[in-house]
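Asks: I'd like to ask you about the structure that follows.
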Amino acid sequence: MLNEKYAPHEIEAKWQKYWEDNHTFKVEIDENKKKYYVLEMFPYPSGNLHMGHVRNYSIGDVVARVRKMQGFNVLHPMGWDSFGMPAENAAIKHGIPPKNWTLDNIANMTKQQKALGLSYDWDREVTTCKEDYYKWTQWFFELFYKRGLAVKKKSAVNWCDTCNTVLANEQVIDGKCWRCDSTVVKKELSQWFFKITDYADELLQDLELLPGWPERVKTMQKNWIGRSEGLEFSFDVPKFQEKLAVYTTRPDTIYGVTFVVVPPEHPLVEKLLADNPNREELQAFCDDVRNTSDIERTSSESEKKGMYTGVDCIHPLTGRKVQIWITYYVLYDYGTGAVMGVPTGDQRDWMFATKYGIEKIITIQPKDQELKLEDMTCAYEEKDGVLVNSAQFTGMEMHKAMSAIIDYMEEQGLGKRKVNYRLRDWLISRQRYWGAPIPIIYCPHCGEVLVPEEQLPVRLPEDVNFNAGSVSPLATSTSFINCKCPKCGADAKRETDTMDTFLCSSWYYLRYTDPKNAEKCFDKDANMYWGPVDQYIGGIEHAILHLLYSRFFLKVLRDAGLVDYDEPFTNLLTQGMVIKDGAKMSKSLGNVVSPEEILSQYGADTARLFILFAAPPERELEWSDQGVEGSYRFLNRVWRIVAHFESLIEQKVISYDAAKLSEQDKELRRALHSSIKKVTEDINQRFNFNTAISSLMELVNALYAYKDKCAEPNAGLVYEAVSNLLKMLSPFVPHITEELWNKVIDSTTSVHDQEWPSYDPEALKVAEVEILLQINGKGKGRIVVPSESTKADLEQLAVTNEAIREHLEGKKIVKVIAVPGRLVNVVAK
RNA sequence: GCCGAAGUGGCGGAAUUGGCAGACGCACUUGACUCAAAAUCAAGCGCCCUCAAAGCGUGCCGGUUCGAGUCCGGCCUUCGGCACCA
């Protein structure tokens, strides 16, 4: 017997315990079943879940539960991205060891996740800060190292003074640190890099293998990789018997080059300054540039300042003298670090040349118009044009000239075709404690040596000083740094940097397929069964960071023979943010709604239902307390209608004669089956849970209408309607449906083990339909016709209809258009 | 500047293939029940209009079509990403 009142807390606690005790969501490989791998981005254990997490997991849980009901063997795991700065900051501030802080947070957040009733296989939980995980992160570092993809090199890197560590390019947002928002500066340091640029082309190409990814994520990755094709060639610098190489995507403007610019960091600058009569002035300028912040240097707004060196180079095609200038608007780590200047072809060059009075030569002009320098106020940057003043290429269309000039330069041995990328190598070392130590040993005799595999993991020591300043805290542990060289046995020192946490998270989805393996990172067969991830769900903020790194990682693992597919995540859903009062929830705005609050007030089912109903998953979700109330109201309505029919259902009449149904029966049956159709399609085809839920609300409304109108309800039909309603609702609100199923439908089975319902197309049919009558596209009346009426029937009915005839008086019928089941439009003049 | 997404009632949002714009829910109004309130149930709810009829209505202007929220052309606005990448 059902309780009279819906009591969410009682039933939620009961079923959560039951699921946990019975390992309800444990999965194993089953070759007889098709697999489905659904994954939500694993969280950083900050201490508490926020609404964004709740949304993320609710979406994933619906997908997992529906796929399971549809017969798939579903892998749905959860874990912890648990290395990183906040744990270390807690240690500095409160003296709590990072490990304790992290594990406490994990315990608390696990409790919160469990309170949401999520269908995770908790036996597969992975935690990146645990030895059995980071051992393999280190093992992957060694794999990359052996493949020449992990290298230590000296270069200008991004440095965050607040975090006291270097950052990857992807972690610098608008010149600021992605984590703490402080301004990032450049520092010349020797650091570990992963050579992601080796895979630039494939990372770009393979985006085409991902039709299941949002367009905007793919575009962001495309922009980030930034491929461009062009020409690399050199100018002779006779004074030093040197060559100065430049890269251009506009070889068609090559005859218009009148100057070349180099940044102060360019290797040639030292020679340019050596015995220069203007040496002091030039040196002062270079120093000034070096003191300018990176943001200012790369701001497109700032003035294009420069200084002529007095040294010239020789144009390889014309033999003319070309001035060499020092400026800071050139990026020294892109292309060759020097750029040719064509004032008439590039607006920046135009402004620079105008400012300093450098010669301008027109080499491209419109097809049907001659350009004159004295009339020009800016560079000619149109997409079409014809070459002039360009020797044998004069008169050629500019796009043809691009390849013709490259071909010519290649033939003459003067230059070569070149592809460049904006993508830079991934800087993976960090001067922090709470990360996986880089498994490298520095030996005075052997140099850089990998820690032998059998000695992994290189464990994080606990005797460290967290306030060591600009060196990694690991450097303060003598027990850690001092070791023997694995090759020669001499006294040696360990690398004291740790790895970027994005490296730990670049392979976690692979570990879930075989999480306890002590011998290998994962078993290839297990991975072949489960991988790749069929549906990945997470925030858009990882569009380039995590999602690019993971793709790169997988490609390297594939090349090493560890996996046999090309892309880690077949389908990607980027959920929208949860906002309140039009803004992102934040402590400073005071508009945070904590999941715990909602759970304790209404329970998990209400929270899940609201969050899935309020907006489609990709869009922003405006939090509404009243909306939550509405979802709670709906669950109460479900409870009461099932309670109302309880005694009828208990008769266990589970079938009925479809031919002997009353009008009300048929209406309910139609509502049920069209609801099955709609919910199934909304979930399968587009993850529109909001409309799926609204359709289920309509079904509940139909049950209420049936209750009121029907004096003698059909027991079999009611059984069918209620049991299917519970099945369809179960992925969204797993607790209430399990309780109702257990108490009313069948106490020996679980609603979550049921097969997803299918609809009977016959049940959708109606005998009569209402047809709209239009004249010239405007509605003039309605008629009720048999639903199988043909076009001809409808046309006939329309022109003989009285209301229509009235409106048509004095007019002539030009055309009649009939759309069966919908409308008839009479076109008249 | 380049790239991407989006503009629909008081609000969140629906309309999937060009076919009755506003499903479902929230808020609101009225009524029933109640001594009263809450809960629940019933009805209403785009704008204009006292009511009705008519008219208007999916960011703006234009086009295609019997018919446009949906397709095409041109704009505007908002949000997001990239941005001196030669």
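Identifiers for the structure tokens are assigned positionally: chains receive A, B, ... in sequence, residues are indexed from 1 per chain, and ligands are indexed from 1 in the order shown.
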Counting only C-alpha atoms (C1' of nucleotides), collect the residues of chain B whose closest atom lies at most 12 Å from chain A, and write them out as an MDAnalysis selection string.

Replies: chainID B and resid 1:6 11:16 19:20 23:27 39:42 65:68 79:86

Asks: Can you pull out the residues contacting B:C61? Cut-off 12 Å, using only C-alpha atoms (C1' of nucleotides), and skip same-chain residues under 4 positions away; I want them as a VMD selection string.

Replies: chain B and resid 73 to 76

Asks: Excluding A:Ala401 and any residue of its chain fewer than 2 positions from it, enumerate the residues within 12 Å of it, using only C-alpha atoms (C1' of nucleotides), and give them as JSON, numbers by chain.

Replies: {"A": [250, 251, 252, 253, 254, 255, 363, 364, 384, 385, 386, 387, 388, 390, 391, 392, 393, 394, 395, 396, 397, 398, 399, 403, 404, 405, 406, 407, 408, 409]}

Asks: From stretch 703-765 of chain A, collect each residue whose DSSP state is helix (DSSP H, G or I) and return the set as a PyMOL selection string.

Replies: chain A and resi 703-709+715-729+734-745+751-753+761-764

Asks: Which residues come within 12 Å of A:Glu720, counting only C-alpha atoms (C1' of nucleotides), excluding same-chain residues fewer than 3 positions away, as a VMD selection string?

Replies: chain A and resid 645 648 to 649 652 to 656 665 668 to 673 676 703 714 to 717 723 to 727 745 757 to 759

Asks: Check the smallest atom-to-atom distance from each of A:His50, A:His315, A:Ala721, A:Gly821 to A:Ala767 using only C-alpha atoms, then report the winner.

Replies: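 Checking each of A:His50, A:His315, A:Ala721, A:Gly821 against A:Ala767, counting only C-alpha atoms, the winner is A:Gly821.
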
Asks: Quick one: pull the distance between atom CA of A:Leu371 and atom CA of A:Met351, Å, one decimal.

Replies: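 Answer for the atom CA of A:Leu371 to atom CA of A:Met351 separation: 18.0 Å.
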
Asks: Calculated over only C-alpha atoms, which of the candidates A:Glu131, A:Glu202, A:Glu453, A:Glu4 has the smallest distance to A:Lys146?

Replies: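 Of A:Glu131, A:Glu202, A:Glu453, A:Glu4, the one nearest A:Lys146, counting only C-alpha atoms, is A:Glu453.
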
Asks: What's around B:G9 at 12 Å? Count only C-alpha atoms (C1' of nucleotides), leave out sequence neighbours fewer than 6 positions away in its own chain, and write the answer as a list in words.

Replies: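 Surrounding residues, per the criterion: A21, G22, C45, G46, C47, G57 and U58 of chain B.
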
Asks: Skipping near chain neighbours, those fewer than 2 positions away, what residues fall within 10 Å of A:Phe522 using only C-alpha atoms (C1' of nucleotides), listed as an NGL selection string?

Replies: :A and (136 or 510-520 or 524-527 or 562-563)
